Each structure stands twice: as C-alpha cells, then as structure tokens.
file run02.txt (compact mmCIF, C-alpha atoms (C1' of nucleotides))
# COMPACT_ATOMS: atom_id res chain seq x y z
CA MET A 4 -41.65 -20.93 -36.12
CA LYS A 5 -42.06 -18.54 -38.97
CA LEU A 6 -38.95 -17.14 -40.60
CA ASP A 7 -38.49 -13.78 -42.23
CA ASP A 8 -35.95 -12.75 -44.84
CA ILE A 9 -33.33 -11.87 -42.25
CA ASP A 10 -33.66 -15.28 -40.58
CA ARG A 11 -33.23 -17.00 -43.93
CA SER A 12 -30.23 -14.84 -44.60
CA ILE A 13 -28.72 -15.86 -41.28
CA LEU A 14 -29.37 -19.53 -42.01
CA ARG A 15 -27.81 -19.29 -45.44
CA THR A 16 -24.68 -17.68 -44.02
CA LEU A 17 -24.35 -20.06 -41.07
CA GLN A 18 -24.80 -23.03 -43.36
CA ARG A 19 -21.94 -21.78 -45.48
CA ASP A 20 -19.73 -20.83 -42.51
CA GLY A 21 -20.84 -22.28 -39.21
CA ARG A 22 -18.01 -20.67 -37.31
CA ILE A 23 -18.46 -17.12 -38.52
CA GLN A 24 -18.23 -14.61 -35.69
CA ASN A 25 -21.42 -12.92 -34.67
CA ILE A 26 -19.95 -9.53 -35.40
CA GLU A 27 -19.17 -10.46 -38.99
CA LEU A 28 -22.45 -12.30 -39.44
CA ALA A 29 -24.21 -9.13 -38.34
CA ARG A 30 -22.28 -7.09 -40.90
CA GLU A 31 -23.09 -9.50 -43.71
CA ILE A 32 -26.80 -9.48 -43.11
CA GLY A 33 -26.93 -5.78 -42.31
CA LEU A 34 -27.84 -5.79 -38.64
CA SER A 35 -26.02 -4.79 -35.49
CA PRO A 36 -24.52 -7.58 -33.37
CA SER A 37 -27.11 -7.69 -30.57
CA PRO A 38 -30.27 -8.36 -32.57
CA CYS A 39 -28.28 -10.68 -34.81
CA LEU A 40 -27.20 -12.80 -31.88
CA ARG A 41 -30.73 -12.75 -30.50
CA ARG A 42 -32.05 -14.16 -33.75
CA VAL A 43 -29.40 -16.86 -33.89
CA LYS A 44 -30.27 -17.98 -30.35
CA LEU A 45 -33.95 -18.05 -31.22
CA LEU A 46 -33.25 -20.15 -34.29
CA GLU A 47 -31.18 -22.53 -32.17
CA ASP A 48 -33.81 -22.76 -29.45
CA ALA A 49 -36.57 -23.35 -31.98
CA GLY A 50 -34.59 -26.22 -33.46
CA VAL A 51 -34.27 -24.58 -36.87
CA ILE A 52 -30.54 -24.74 -36.32
CA LYS A 53 -29.99 -28.27 -35.05
CA GLY A 54 -26.29 -27.85 -34.36
CA TYR A 55 -22.93 -27.06 -35.84
CA SER A 56 -20.41 -29.41 -37.33
CA ALA A 57 -16.91 -29.36 -38.71
CA VAL A 58 -16.79 -30.81 -42.20
CA ILE A 59 -13.99 -33.32 -42.22
CA ASP A 60 -12.16 -34.63 -45.24
CA ALA A 61 -12.90 -38.34 -45.22
CA ALA A 62 -9.73 -39.28 -47.09
CA SER A 63 -7.59 -37.54 -44.46
CA VAL A 64 -8.92 -39.78 -41.72
CA GLY A 65 -8.50 -42.93 -43.74
CA TYR A 66 -11.76 -43.28 -45.64
CA GLY A 67 -10.93 -43.24 -49.30
CA VAL A 68 -14.31 -44.35 -50.60
CA THR A 69 -17.98 -43.80 -49.93
CA LEU A 70 -20.46 -46.34 -51.23
CA PHE A 71 -24.16 -46.90 -51.28
CA ALA A 72 -25.62 -50.26 -50.41
CA ARG A 73 -29.18 -51.22 -51.11
CA VAL A 74 -30.39 -53.93 -48.81
CA TRP A 75 -33.25 -56.39 -49.18
CA LEU A 76 -34.51 -58.15 -46.07
CA THR A 77 -36.05 -61.58 -45.82
CA HIS A 78 -39.18 -60.17 -44.23
CA GLN A 79 -40.59 -56.74 -43.55
CA ASP A 80 -42.03 -57.41 -40.10
CA SER A 81 -41.09 -55.18 -37.20
CA THR A 82 -38.88 -57.81 -35.54
CA THR A 83 -36.72 -58.31 -38.61
CA ILE A 84 -36.49 -54.59 -39.15
CA SER A 85 -35.65 -53.66 -35.58
CA ARG A 86 -32.97 -56.34 -35.40
CA PHE A 87 -31.51 -55.02 -38.62
CA VAL A 88 -31.61 -51.43 -37.36
CA GLU A 89 -29.89 -52.45 -34.16
CA ALA A 90 -27.10 -54.21 -36.02
CA ILE A 91 -26.64 -51.24 -38.34
CA ALA A 92 -26.51 -48.82 -35.42
CA ALA A 93 -23.43 -50.63 -34.12
CA MET A 94 -21.56 -50.42 -37.42
CA ASP A 95 -19.46 -47.28 -37.45
CA GLN A 96 -18.72 -47.56 -41.13
CA VAL A 97 -22.41 -47.13 -41.91
CA VAL A 98 -22.85 -43.39 -41.68
CA GLU A 99 -26.36 -43.21 -43.02
CA CYS A 100 -29.29 -45.59 -43.09
CA HIS A 101 -32.76 -45.06 -44.52
CA LEU A 102 -35.57 -47.57 -44.37
CA MET A 103 -37.18 -47.40 -47.78
CA ALA A 104 -40.72 -47.56 -49.06
CA GLY A 105 -40.00 -48.90 -52.52
CA GLU A 106 -38.12 -51.67 -54.18
CA CYS A 107 -35.40 -52.21 -51.59
CA ASP A 108 -35.79 -52.19 -47.82
CA ALA A 109 -32.85 -50.04 -46.81
CA LEU A 110 -30.36 -47.67 -48.35
CA LEU A 111 -27.02 -47.31 -46.60
CA ARG A 112 -24.14 -44.95 -47.05
CA VAL A 113 -20.93 -46.66 -46.04
CA VAL A 114 -17.40 -45.32 -45.73
CA ALA A 115 -14.34 -47.54 -46.13
CA ALA A 116 -10.61 -47.26 -46.57
CA ASP A 117 -10.80 -48.69 -50.07
CA LEU A 118 -12.82 -51.15 -52.13
CA ASN A 119 -11.16 -54.15 -50.52
CA ASP A 120 -12.00 -52.84 -47.10
CA TYR A 121 -15.58 -52.41 -48.22
CA TYR A 122 -15.81 -55.90 -49.68
CA ARG A 123 -14.60 -57.31 -46.39
CA PHE A 124 -17.20 -55.23 -44.59
CA GLN A 125 -19.97 -56.45 -46.85
CA ALA A 126 -18.96 -60.08 -46.82
CA ASP A 127 -18.03 -60.40 -43.16
CA HIS A 128 -20.47 -58.03 -41.51
CA LEU A 129 -23.31 -56.58 -43.54
CA SER A 130 -24.33 -59.74 -45.37
CA ARG A 131 -24.21 -61.75 -42.17
CA VAL A 132 -26.70 -59.58 -40.32
CA ASP A 133 -29.83 -61.51 -39.39
CA GLY A 134 -32.61 -60.88 -41.85
CA VAL A 135 -30.45 -59.55 -44.67
CA SER A 136 -31.28 -61.43 -47.83
CA ASN A 137 -29.57 -59.42 -50.53
CA VAL A 138 -27.15 -56.49 -50.86
CA LYS A 139 -26.45 -54.48 -53.98
CA THR A 140 -23.63 -51.97 -53.87
CA ASP A 141 -23.62 -48.79 -55.93
CA VAL A 142 -20.20 -47.24 -56.42
CA PRO A 143 -19.81 -43.52 -57.11
CA MET A 144 -17.15 -42.67 -59.65
CA GLN A 145 -17.43 -38.94 -59.24
CA THR A 146 -19.35 -36.73 -56.87
CA VAL A 147 -20.76 -33.68 -58.57
CA LYS A 148 -22.74 -32.16 -55.71
CA THR A 149 -21.65 -32.79 -52.17
CA GLY A 150 -24.88 -32.76 -50.23
CA ARG A 151 -23.84 -30.50 -47.46
CA GLY A 152 -26.43 -27.81 -47.24
CA ILE A 153 -29.98 -27.34 -48.35
CA PRO A 154 -31.18 -24.49 -50.53
CA ILE A 155 -32.65 -21.56 -48.62
CA SER A 156 -34.47 -19.30 -51.01
CA ARG A 157 -34.07 -15.55 -50.82
CA ARG A 158 -37.79 -15.20 -50.44
CA MET B 3 -0.67 -34.89 -43.16
CA LYS B 4 -0.32 -37.46 -40.43
CA LEU B 5 -2.63 -37.22 -37.46
CA ASP B 6 -1.92 -38.21 -33.90
CA ASP B 7 -4.39 -39.14 -31.18
CA ILE B 8 -4.89 -35.55 -30.12
CA ASP B 9 -5.69 -34.47 -33.65
CA ARG B 10 -8.24 -37.23 -33.97
CA SER B 11 -9.70 -36.22 -30.65
CA ILE B 12 -10.03 -32.64 -31.87
CA LEU B 13 -11.68 -33.79 -35.08
CA ARG B 14 -14.16 -35.96 -33.21
CA THR B 15 -15.13 -33.10 -30.94
CA LEU B 16 -15.38 -30.50 -33.70
CA GLN B 17 -17.48 -32.84 -35.78
CA ARG B 18 -19.90 -33.16 -32.89
CA ASP B 19 -19.88 -29.46 -32.02
CA GLY B 20 -18.40 -27.24 -34.68
CA ARG B 21 -18.94 -24.11 -32.65
CA ILE B 22 -17.34 -25.24 -29.42
CA GLN B 23 -15.10 -22.58 -27.95
CA ASN B 24 -11.41 -23.16 -28.17
CA ILE B 25 -11.08 -22.87 -24.42
CA GLU B 26 -13.59 -25.67 -23.85
CA LEU B 27 -12.22 -27.78 -26.68
CA ALA B 28 -8.82 -27.53 -25.02
CA ARG B 29 -10.29 -28.69 -21.72
CA GLU B 30 -12.01 -31.66 -23.32
CA ILE B 31 -8.94 -32.95 -25.04
CA GLY B 32 -6.62 -32.13 -22.15
CA LEU B 33 -4.47 -29.40 -23.61
CA SER B 34 -4.11 -25.70 -22.92
CA PRO B 35 -5.83 -23.27 -25.30
CA SER B 36 -2.77 -22.13 -27.27
CA PRO B 37 -1.53 -25.45 -28.66
CA CYS B 38 -5.11 -26.54 -29.15
CA LEU B 39 -5.83 -23.55 -31.35
CA ARG B 40 -2.59 -24.10 -33.22
CA ARG B 41 -3.56 -27.67 -34.02
CA VAL B 42 -6.99 -26.62 -35.20
CA LYS B 43 -5.47 -24.07 -37.55
CA LEU B 44 -3.06 -26.66 -38.89
CA LEU B 45 -5.91 -29.07 -39.51
CA GLU B 46 -7.82 -26.34 -41.31
CA ASP B 47 -4.83 -25.31 -43.42
CA ALA B 48 -4.06 -28.90 -44.33
CA GLY B 49 -7.64 -29.36 -45.53
CA VAL B 50 -8.43 -32.04 -42.99
CA ILE B 51 -11.12 -29.69 -41.71
CA LYS B 52 -12.80 -28.50 -44.88
CA GLY B 53 -15.08 -26.02 -43.18
CA TYR B 54 -17.82 -25.56 -40.65
CA SER B 55 -21.54 -25.67 -41.20
CA ALA B 56 -24.73 -25.09 -39.28
CA VAL B 57 -27.00 -28.11 -39.48
CA ILE B 58 -30.39 -26.80 -40.49
CA ASP B 59 -33.69 -28.55 -39.97
CA ALA B 60 -34.98 -29.10 -43.50
CA ALA B 61 -38.62 -29.15 -42.46
CA SER B 62 -38.29 -25.71 -40.85
CA VAL B 63 -37.26 -24.15 -44.13
CA GLY B 64 -39.98 -25.84 -46.11
CA TYR B 65 -38.48 -29.15 -47.17
CA GLY B 66 -40.62 -31.90 -45.73
CA VAL B 67 -39.13 -34.77 -47.69
CA THR B 68 -35.79 -36.03 -48.92
CA LEU B 69 -35.73 -38.52 -51.77
CA PHE B 70 -33.23 -40.47 -53.77
CA ALA B 71 -33.46 -40.62 -57.53
CA ARG B 72 -31.52 -43.08 -59.63
CA VAL B 73 -31.03 -41.83 -63.15
CA TRP B 74 -30.25 -43.71 -66.34
CA LEU B 75 -28.90 -41.75 -69.28
CA THR B 76 -29.37 -42.46 -72.97
CA HIS B 77 -25.61 -42.62 -73.50
CA GLN B 78 -22.52 -42.57 -71.32
CA ASP B 79 -20.35 -40.38 -73.50
CA SER B 80 -18.74 -37.28 -72.06
CA THR B 81 -21.04 -34.87 -73.90
CA THR B 82 -24.20 -36.44 -72.52
CA ILE B 83 -22.72 -36.62 -69.05
CA SER B 84 -21.41 -33.08 -68.94
CA ARG B 85 -24.73 -31.69 -70.19
CA PHE B 86 -26.49 -33.66 -67.51
CA VAL B 87 -24.09 -32.46 -64.83
CA GLU B 88 -24.56 -28.88 -65.92
CA ALA B 89 -28.34 -29.16 -65.74
CA ILE B 90 -28.16 -30.78 -62.32
CA ALA B 91 -25.84 -28.08 -61.03
CA ALA B 92 -28.54 -25.50 -61.72
CA MET B 93 -31.22 -27.38 -59.79
CA ASP B 94 -31.24 -26.20 -56.19
CA GLN B 95 -33.48 -29.01 -55.05
CA VAL B 96 -30.78 -31.52 -55.97
CA VAL B 97 -28.48 -31.36 -52.98
CA GLU B 98 -26.28 -34.28 -53.92
CA CYS B 99 -25.28 -35.93 -57.16
CA HIS B 100 -22.99 -38.90 -57.73
CA LEU B 101 -22.06 -40.32 -61.11
CA MET B 102 -22.17 -44.05 -60.65
CA ALA B 103 -20.11 -46.95 -61.87
CA GLY B 104 -22.75 -49.64 -61.73
CA GLU B 105 -26.26 -50.26 -62.85
CA CYS B 106 -27.53 -46.68 -62.94
CA ASP B 107 -25.66 -43.63 -64.18
CA ALA B 108 -26.39 -41.15 -61.39
CA LEU B 109 -27.71 -41.12 -57.88
CA LEU B 110 -29.33 -37.90 -56.68
CA ARG B 111 -30.51 -36.72 -53.32
CA VAL B 112 -33.38 -34.32 -53.76
CA VAL B 113 -35.26 -32.18 -51.22
CA ALA B 114 -38.85 -31.10 -51.77
CA ALA B 115 -41.73 -29.58 -49.86
CA ASP B 116 -43.76 -32.77 -50.15
CA LEU B 117 -44.31 -35.68 -52.51
CA ASN B 118 -46.40 -33.61 -54.89
CA ASP B 119 -43.70 -31.02 -55.09
CA TYR B 120 -41.23 -33.77 -55.88
CA TYR B 121 -43.42 -35.32 -58.55
CA ARG B 122 -43.69 -31.95 -60.24
CA PHE B 123 -39.91 -31.59 -60.04
CA GLN B 124 -39.36 -35.00 -61.56
CA ALA B 125 -41.95 -34.64 -64.29
CA ASP B 126 -41.30 -31.03 -65.25
CA HIS B 127 -37.57 -30.73 -64.71
CA LEU B 128 -35.53 -33.84 -64.04
CA SER B 129 -37.11 -36.09 -66.64
CA ARG B 130 -36.88 -33.37 -69.26
CA VAL B 131 -33.14 -32.93 -68.96
CA ASP B 132 -31.37 -33.81 -72.20
CA GLY B 133 -29.95 -37.29 -72.08
CA VAL B 134 -32.08 -38.58 -69.22
CA SER B 135 -33.72 -41.80 -70.26
CA ASN B 136 -35.13 -43.16 -67.04
CA VAL B 137 -35.63 -42.08 -63.42
CA LYS B 138 -36.45 -44.32 -60.48
CA THR B 139 -37.28 -42.70 -57.18
CA ASP B 140 -36.54 -44.29 -53.83
CA VAL B 141 -38.55 -42.92 -50.94
CA PRO B 142 -37.24 -43.14 -47.37
CA MET B 143 -39.89 -43.95 -44.80
CA GLN B 144 -37.63 -43.56 -41.81
CA THR B 145 -34.08 -42.40 -41.39
CA VAL B 146 -32.15 -44.43 -38.86
CA LYS B 147 -28.72 -42.87 -39.21
CA THR B 148 -28.40 -39.32 -40.35
CA GLY B 149 -25.13 -39.28 -42.21
CA ARG B 150 -23.63 -36.23 -40.67
CA GLY B 151 -20.26 -37.23 -39.44
CA ILE B 152 -17.79 -39.95 -40.18
CA PRO B 153 -16.30 -42.30 -37.61
CA ILE B 154 -12.91 -41.23 -36.25
CA SER B 155 -11.33 -44.08 -34.38
CA ARG B 156 -9.79 -43.58 -30.98
CA ARG B 157 -6.64 -45.42 -31.95
C1' DT C 3 5.77 -28.08 -28.38
C1' DC C 4 3.58 -26.89 -24.41
C1' DT C 5 2.68 -23.29 -20.64
C1' DG C 6 1.36 -18.93 -19.00
C1' DA C 7 0.60 -14.04 -19.22
C1' DA C 8 -0.76 -9.83 -21.87
C1' DA C 9 -3.31 -7.41 -25.38
C1' DT C 10 -6.80 -7.37 -28.66
C1' DT C 11 -11.28 -8.52 -29.99
C1' DG C 12 -15.85 -10.50 -29.64
C1' DA C 13 -19.97 -11.93 -26.85
C1' DT C 14 -23.58 -10.65 -24.00
C1' DG C 15 -27.30 -8.20 -21.53
C1' DG C 16 -29.64 -3.93 -19.99
C1' DC C 17 -31.68 0.09 -21.52
C1' DT C 18 -33.41 3.47 -25.07
C1' DT C 19 -35.72 4.50 -29.27
C1' DA D 4 -37.58 -5.37 -32.65
C1' DA D 5 -33.26 -2.91 -33.54
C1' DG D 6 -29.42 0.06 -31.92
C1' DC D 7 -26.16 1.66 -28.37
C1' DC D 8 -22.98 0.96 -24.73
C1' DA D 9 -20.68 -1.10 -20.80
C1' DT D 10 -18.98 -5.34 -18.88
C1' DC D 11 -17.18 -9.69 -19.17
C1' DA D 12 -15.01 -13.57 -21.47
C1' DA D 13 -12.54 -15.63 -25.20
C1' DT D 14 -9.22 -15.43 -28.81
C1' DT D 15 -4.76 -14.71 -30.17
C1' DT D 16 0.09 -13.54 -29.78
C1' DC D 17 4.44 -13.97 -27.80
C1' DA D 18 7.66 -14.70 -24.34
C1' DG D 19 10.12 -18.54 -21.81
C1' DA D 20 10.77 -23.42 -20.50
call {"tool": "encode", "arguments": {"input": "run02.txt", "output": "structure tokens"}}
result
Amino acid sequence: MKLDDIDRSILRTLQRDGRIQNIELAREIGLSPSPCLRRVKLLEDAGVIKGYSAVIDAASVGYGVTLFARVWLTHQDSTTISRFVEAIAAMDQVVECHLMAGECDALLRVVAADLNDYYRFQADHLSRVDGVSNVKTDVPMQTVKTGRGIPISRR
Amino acid sequence: MKLDDIDRSILRTLQRDGRIQNIELAREIGLSPSPCLRRVKLLEDAGVIKGYSAVIDAASVGYGVTLFARVWLTHQDSTTISRFVEAIAAMDQVVECHLMAGECDALLRVVAADLNDYYRFQADHLSRVDGVSNVKTDVPMQTVKTGRGIPISRR
DNA sequence: TCTGAAATTGATGGCTT
DNA sequence: AAGCCATCAATTTCAGA
C-alpha cells in the first residue's frame, strides 16, 4: 500500500494518541470526519495499523525493572533453537525475544519485580532451559528513549 | 495505587485492544459501562495507563529492519554522557536508548530502511558522535516475541 | 460502588460534488 | 476522493439503591 502525506499524518497522530476520537483526528489533519475514518479503516485493513494498545506503567503492575539478557546456545541447529523458542514462549516475564545473527544467539527483554526476582528467574528458569549454554545480563540504569513509536517523516 | 482483580482485568484487555469500546470492555470484564469507565479514568489519572498508541507496521512506513547497537563511550563522566544523550535524542532512527550499568555504556534500538541504510547511519552519524569510542551491532534474524505488552497476572 | 436511565456527542454510510 | 447530512450507537452524567 502506498501512503500519501495525509496517511502519514494520520499514522503519526494515532501513534501518539491511539484513542483519539475520529472527529478530533479529522480536525488535526485537516479533513472532515468521513474521509478521515475511511482512511483509518483502509490503513487498518491493509495492516499498516496492526492494532491499538494501552501503554501500561510496568512499575504499577509490579515490574520494577527491565533487563536485557543475551543468550548463547550449545548448538545452532533447528532442534535446539525450536526447543529454546518454545521454552521462552511459555515464560511470561520474557516480553521480547530476538534470534540473533551475530555474536550471541538470542536477545531477550525480561521484566521482573526487582533484581532479586530477576536473579531467581535467570538461575531457576532461563539458565536451566535445554540448550542454553551461557547468559549475560545487561542492566539499564536509565532509559533515555522509550521505544514506543517509530519515526514517520513528514514527507 | 493499589489494583484489584477488575483493574488488572481492564489493563489486560486494554493492552490487547487499546481502542475497545467502553461498552464492550464492560461486557468482557463483567461490569456495567459506568463503573467500568470510572475505573479506566482512575487508572489513567493515576498514571497506571500512560497512554494509548496505534501499533504501526514498520515495514509499511519504510523501515525494513530493526537493529540493536551496543555503544562504548570514551569516558563515563556526566559531560560525555549528557552530550551523547543529547545527540541520540536528535536521531529519529534511534527509537530506544538505555544507559547501561554493565559491560557497554548504552544499548540502542535503531530502525532503518535496510542494512545499507543502517551502515550509513552508523558510519556517518552514530560513530561520529562525540565521546563514542566503539559500536557493536546486533542483528536480529527472527523475532519470536514482539515486546508489546507486559504480563498482568490474573491473581 | 454499582445500576439504570437520560442527554450529549461521536461514528457511520449514502449521496453529491 | 472529499464534503455534507441523516441515522444510529456509544459515551458520559447523574439520580437512586
């Protein structure tokens, strides 16, 4: 699907405020409500907008820390990897998992109540997964950019 | 703010579908629309719900790849760090930036049109930032968990 | 705090330009 | 492809339980 300036404008606004009312969205981008809504539906149907989500404060629901874990596997064959992926899928605390092409085999983003909670998770669960040979944890001290939202250029 | 089961239920649902109508949200969690809306407002006011966002398909807006860059700085003093942070803040392609406590000094998530686009970004912009001594890029081959959403236990 | 009704406001679709 | 307008549905407020 090819996007024009108005579409990009809609995307930028909806990324910033996913619950904006159509009537106000239309005002912001300078269109009347009907064509605005039509465009939004088209963007949804085309999969450009994949969904909407409330952004929840992790600390408020008991997750005080977010950590990154780099994982090395014993082997890189498909059996080892798919077993690992399956185990990771079942771990709620792992909110993100990328299989990597470089030095390490996987990069995880993990949420935990605190560092102790994380250490327990790593020692009792992550490190015991079949095929995991090594885990290195990177601890953020301060988050400068939050990662919600991608840049959508004006042109 | 302390959350009860209904609040958690609301959060879980709104995280999955941030644009769900209040009337349907109320049905799902087994409440009538008025108290449901009141709870949502309270959660918003308390900062438990930080906002709402449309989830946009990066590829559709021209970002084919997401990469992680680990950055080492020449020094860890506040001047070097704050200059680095300022430079990073101005780079739209950097969607996430954490200052780290361990081996490396910063972990970035960067979006780019393709690998060439990223290499240009790294060579022409990131590596030239004052205080940056070393950059190592980790390339995801496959993303197994997407990282939108945190677990909210039923209890 | 919830329920239920009433009033305001927005969403939605057909038709015209 | 956008604007206008009529209809329908949801949001929001406020009484009472």
call {"tool": "residues_around", "arguments": {"input": "run02.txt", "residues": "DA18 in chain D", "least_positions_apart": "3", "cutoff": "12 Å", "atoms": "all atoms listed in the file", "output": "PDB file with C-alpha atoms (C1' of nucleotides), in the frame of the given file"}}
result
ATOM      1  C1'  DT C   5       2.680 -23.290 -20.640  1.00  0.00           C
ATOM      2  C1'  DG C   6       1.360 -18.930 -19.000  1.00  0.00           C
ATOM      3  C1'  DA C   7       0.600 -14.040 -19.220  1.00  0.00           C
ATOM      4  C1'  DA C   8      -0.760  -9.830 -21.870  1.00  0.00           C
TER       5       DA C   8
END
call {"tool": "interface_residues", "arguments": {"input": "run02.txt", "of": "chain B", "to": "chain C", "cutoff": "9 Å", "atoms": "only C-alpha atoms (C1' of nucleotides)", "output": "list in words"}}
result
Leu33, Ser34, Ser36 and Pro37 of chain B
call {"tool": "calpha_fit_and_write", "arguments": {"input": "run02.txt", "fixed": "chain B", "moving": "chain A", "output": "compact mmCIF listing (two decimals) with C-alpha atoms, keeping the file's coordinate frame"}}
result
# COMPACT_ATOMS: atom_id res chain seq x y z
CA MET A 4 -0.63 -34.94 -43.06
CA LYS A 5 -0.29 -37.48 -40.34
CA LEU A 6 -2.62 -37.25 -37.37
CA ASP A 7 -1.95 -38.26 -33.81
CA ASP A 8 -4.44 -39.19 -31.11
CA ILE A 9 -4.91 -35.59 -30.02
CA ASP A 10 -5.68 -34.48 -33.58
CA ARG A 11 -8.26 -37.24 -33.91
CA SER A 12 -9.73 -36.20 -30.61
CA ILE A 13 -10.01 -32.63 -31.83
CA LEU A 14 -11.67 -33.76 -35.05
CA ARG A 15 -14.15 -35.93 -33.20
CA THR A 16 -15.12 -33.05 -30.93
CA LEU A 17 -15.35 -30.45 -33.70
CA GLN A 18 -17.46 -32.80 -35.79
CA ARG A 19 -19.87 -33.13 -32.91
CA ASP A 20 -19.84 -29.41 -32.03
CA GLY A 21 -18.36 -27.19 -34.71
CA ARG A 22 -18.91 -24.05 -32.70
CA ILE A 23 -17.28 -25.14 -29.47
CA GLN A 24 -15.02 -22.46 -28.03
CA ASN A 25 -11.33 -23.11 -28.19
CA ILE A 26 -11.04 -22.83 -24.45
CA GLU A 27 -13.58 -25.58 -23.88
CA LEU A 28 -12.21 -27.71 -26.70
CA ALA A 29 -8.82 -27.49 -25.01
CA ARG A 30 -10.32 -28.63 -21.71
CA GLU A 31 -12.08 -31.58 -23.31
CA ILE A 32 -9.01 -32.93 -25.00
CA GLY A 33 -6.71 -32.12 -22.10
CA LEU A 34 -4.51 -29.41 -23.55
CA SER A 35 -4.08 -25.73 -22.85
CA PRO A 36 -5.75 -23.28 -25.25
CA SER A 37 -2.68 -22.18 -27.23
CA PRO A 38 -1.45 -25.53 -28.54
CA CYS A 39 -5.06 -26.57 -29.06
CA LEU A 40 -5.73 -23.60 -31.30
CA ARG A 41 -2.46 -24.19 -33.12
CA ARG A 42 -3.51 -27.73 -33.94
CA VAL A 43 -6.94 -26.64 -35.13
CA LYS A 44 -5.38 -24.08 -37.48
CA LEU A 45 -2.99 -26.69 -38.81
CA LEU A 46 -5.84 -29.09 -39.44
CA GLU A 47 -7.74 -26.33 -41.25
CA ASP A 48 -4.73 -25.32 -43.33
CA ALA A 49 -3.98 -28.92 -44.25
CA GLY A 50 -7.54 -29.35 -45.47
CA VAL A 51 -8.37 -32.05 -42.93
CA ILE A 52 -11.05 -29.70 -41.69
CA LYS A 53 -12.72 -28.50 -44.87
CA GLY A 54 -15.03 -26.02 -43.18
CA TYR A 55 -17.79 -25.57 -40.67
CA SER A 56 -21.50 -25.70 -41.22
CA ALA A 57 -24.70 -25.13 -39.33
CA VAL A 58 -26.97 -28.15 -39.51
CA ILE A 59 -30.37 -26.88 -40.51
CA ASP A 60 -33.66 -28.63 -40.00
CA ALA A 61 -34.96 -29.16 -43.52
CA ALA A 62 -38.61 -29.23 -42.47
CA SER A 63 -38.27 -25.79 -40.85
CA VAL A 64 -37.26 -24.21 -44.13
CA GLY A 65 -40.00 -25.90 -46.08
CA TYR A 66 -38.49 -29.19 -47.18
CA GLY A 67 -40.61 -31.93 -45.74
CA VAL A 68 -39.15 -34.81 -47.72
CA THR A 69 -35.81 -36.05 -48.96
CA LEU A 70 -35.75 -38.55 -51.80
CA PHE A 71 -33.25 -40.48 -53.80
CA ALA A 72 -33.47 -40.63 -57.56
CA ARG A 73 -31.55 -43.07 -59.66
CA VAL A 74 -31.04 -41.83 -63.16
CA TRP A 75 -30.27 -43.71 -66.36
CA LEU A 76 -28.91 -41.75 -69.31
CA THR A 77 -29.37 -42.48 -72.98
CA HIS A 78 -25.63 -42.61 -73.52
CA GLN A 79 -22.55 -42.57 -71.34
CA ASP A 80 -20.37 -40.35 -73.52
CA SER A 81 -18.76 -37.26 -72.05
CA THR A 82 -21.07 -34.85 -73.89
CA THR A 83 -24.23 -36.43 -72.53
CA ILE A 84 -22.75 -36.60 -69.07
CA SER A 85 -21.44 -33.05 -68.96
CA ARG A 86 -24.75 -31.68 -70.21
CA PHE A 87 -26.53 -33.66 -67.53
CA VAL A 88 -24.12 -32.45 -64.84
CA GLU A 89 -24.61 -28.87 -65.94
CA ALA A 90 -28.39 -29.16 -65.76
CA ILE A 91 -28.20 -30.78 -62.34
CA ALA A 92 -25.87 -28.08 -61.04
CA ALA A 93 -28.58 -25.49 -61.71
CA MET A 94 -31.26 -27.39 -59.79
CA ASP A 95 -31.28 -26.20 -56.20
CA GLN A 96 -33.50 -29.02 -55.07
CA VAL A 97 -30.81 -31.53 -56.00
CA VAL A 98 -28.50 -31.37 -53.02
CA GLU A 99 -26.30 -34.28 -53.93
CA CYS A 100 -25.31 -35.93 -57.18
CA HIS A 101 -23.00 -38.89 -57.74
CA LEU A 102 -22.07 -40.30 -61.12
CA MET A 103 -22.18 -44.04 -60.65
CA ALA A 104 -20.11 -46.94 -61.88
CA GLY A 105 -22.76 -49.62 -61.73
CA GLU A 106 -26.27 -50.24 -62.86
CA CYS A 107 -27.53 -46.67 -62.95
CA ASP A 108 -25.66 -43.61 -64.19
CA ALA A 109 -26.39 -41.15 -61.41
CA LEU A 110 -27.72 -41.11 -57.89
CA LEU A 111 -29.35 -37.90 -56.70
CA ARG A 112 -30.53 -36.73 -53.34
CA VAL A 113 -33.41 -34.32 -53.78
CA VAL A 114 -35.28 -32.21 -51.25
CA ALA A 115 -38.88 -31.12 -51.78
CA ALA A 116 -41.75 -29.61 -49.87
CA ASP A 117 -43.78 -32.80 -50.16
CA LEU A 118 -44.34 -35.71 -52.52
CA ASN A 119 -46.44 -33.63 -54.89
CA ASP A 120 -43.73 -31.04 -55.10
CA TYR A 121 -41.26 -33.79 -55.89
CA TYR A 122 -43.45 -35.34 -58.57
CA ARG A 123 -43.72 -31.96 -60.24
CA PHE A 124 -39.95 -31.61 -60.05
CA GLN A 125 -39.40 -35.02 -61.59
CA ALA A 126 -41.99 -34.66 -64.31
CA ASP A 127 -41.34 -31.05 -65.27
CA HIS A 128 -37.61 -30.74 -64.71
CA LEU A 129 -35.57 -33.85 -64.05
CA SER A 130 -37.14 -36.10 -66.66
CA ARG A 131 -36.92 -33.37 -69.28
CA VAL A 132 -33.18 -32.93 -68.98
CA ASP A 133 -31.39 -33.79 -72.21
CA GLY A 134 -29.98 -37.29 -72.10
CA VAL A 135 -32.12 -38.57 -69.24
CA SER A 136 -33.74 -41.80 -70.29
CA ASN A 137 -35.14 -43.17 -67.06
CA VAL A 138 -35.64 -42.09 -63.43
CA LYS A 139 -36.45 -44.33 -60.50
CA THR A 140 -37.28 -42.70 -57.20
CA ASP A 141 -36.53 -44.31 -53.85
CA VAL A 142 -38.55 -42.94 -50.96
CA PRO A 143 -37.26 -43.15 -47.39
CA MET A 144 -39.89 -43.96 -44.81
CA GLN A 145 -37.63 -43.57 -41.83
CA THR A 146 -34.08 -42.38 -41.41
CA VAL A 147 -32.18 -44.41 -38.87
CA LYS A 148 -28.73 -42.86 -39.21
CA THR A 149 -28.41 -39.29 -40.33
CA GLY A 150 -25.14 -39.24 -42.21
CA ARG A 151 -23.65 -36.22 -40.64
CA GLY A 152 -20.23 -37.20 -39.45
CA ILE A 153 -17.77 -39.92 -40.20
CA PRO A 154 -16.32 -42.27 -37.60
CA ILE A 155 -12.94 -41.22 -36.24
CA SER A 156 -11.41 -44.08 -34.35
CA ARG A 157 -9.75 -43.54 -31.01
CA ARG A 158 -6.59 -45.06 -32.36
call {"tool": "atom_distance", "arguments": {"input": "run02.txt", "atom1": "CA of Pro154 in chain A", "atom2": "CA of Gly149 in chain B"}}
result
18.0 Å
call {"tool": "interface_residues", "arguments": {"input": "run02.txt", "of": "chain D", "to": "chain B", "cutoff": "10 Å", "atoms": "all atoms listed in the file", "output": "number ranges by chain"}}
result
D: 13-16
call {"tool": "write_last_selection", "arguments": {"input": "run02.txt", "atoms": "C-alpha atoms (C1' of nucleotides)", "output": "JSON list (two decimals), keeping the file's coordinate frame"}}
result
[["chain", "number", "residue", "atom", "x", "y", "z"],
["D", 13, "DA", "C1'", -12.54, -15.63, -25.20],
["D", 14, "DT", "C1'", -9.22, -15.43, -28.81],
["D", 15, "DT", "C1'", -4.76, -14.71, -30.17],
["D", 16, "DT", "C1'", 0.09, -13.54, -29.78]]
call {"tool": "interface_residues", "arguments": {"input": "run02.txt", "of": "chain A", "to": "chain B", "cutoff": "7 Å", "atoms": "all atoms listed in the file", "output": "ChimeraX atom specification"}}
result
/A:17-22,50-60,63-64,95-96,98-105,141-150,153-155
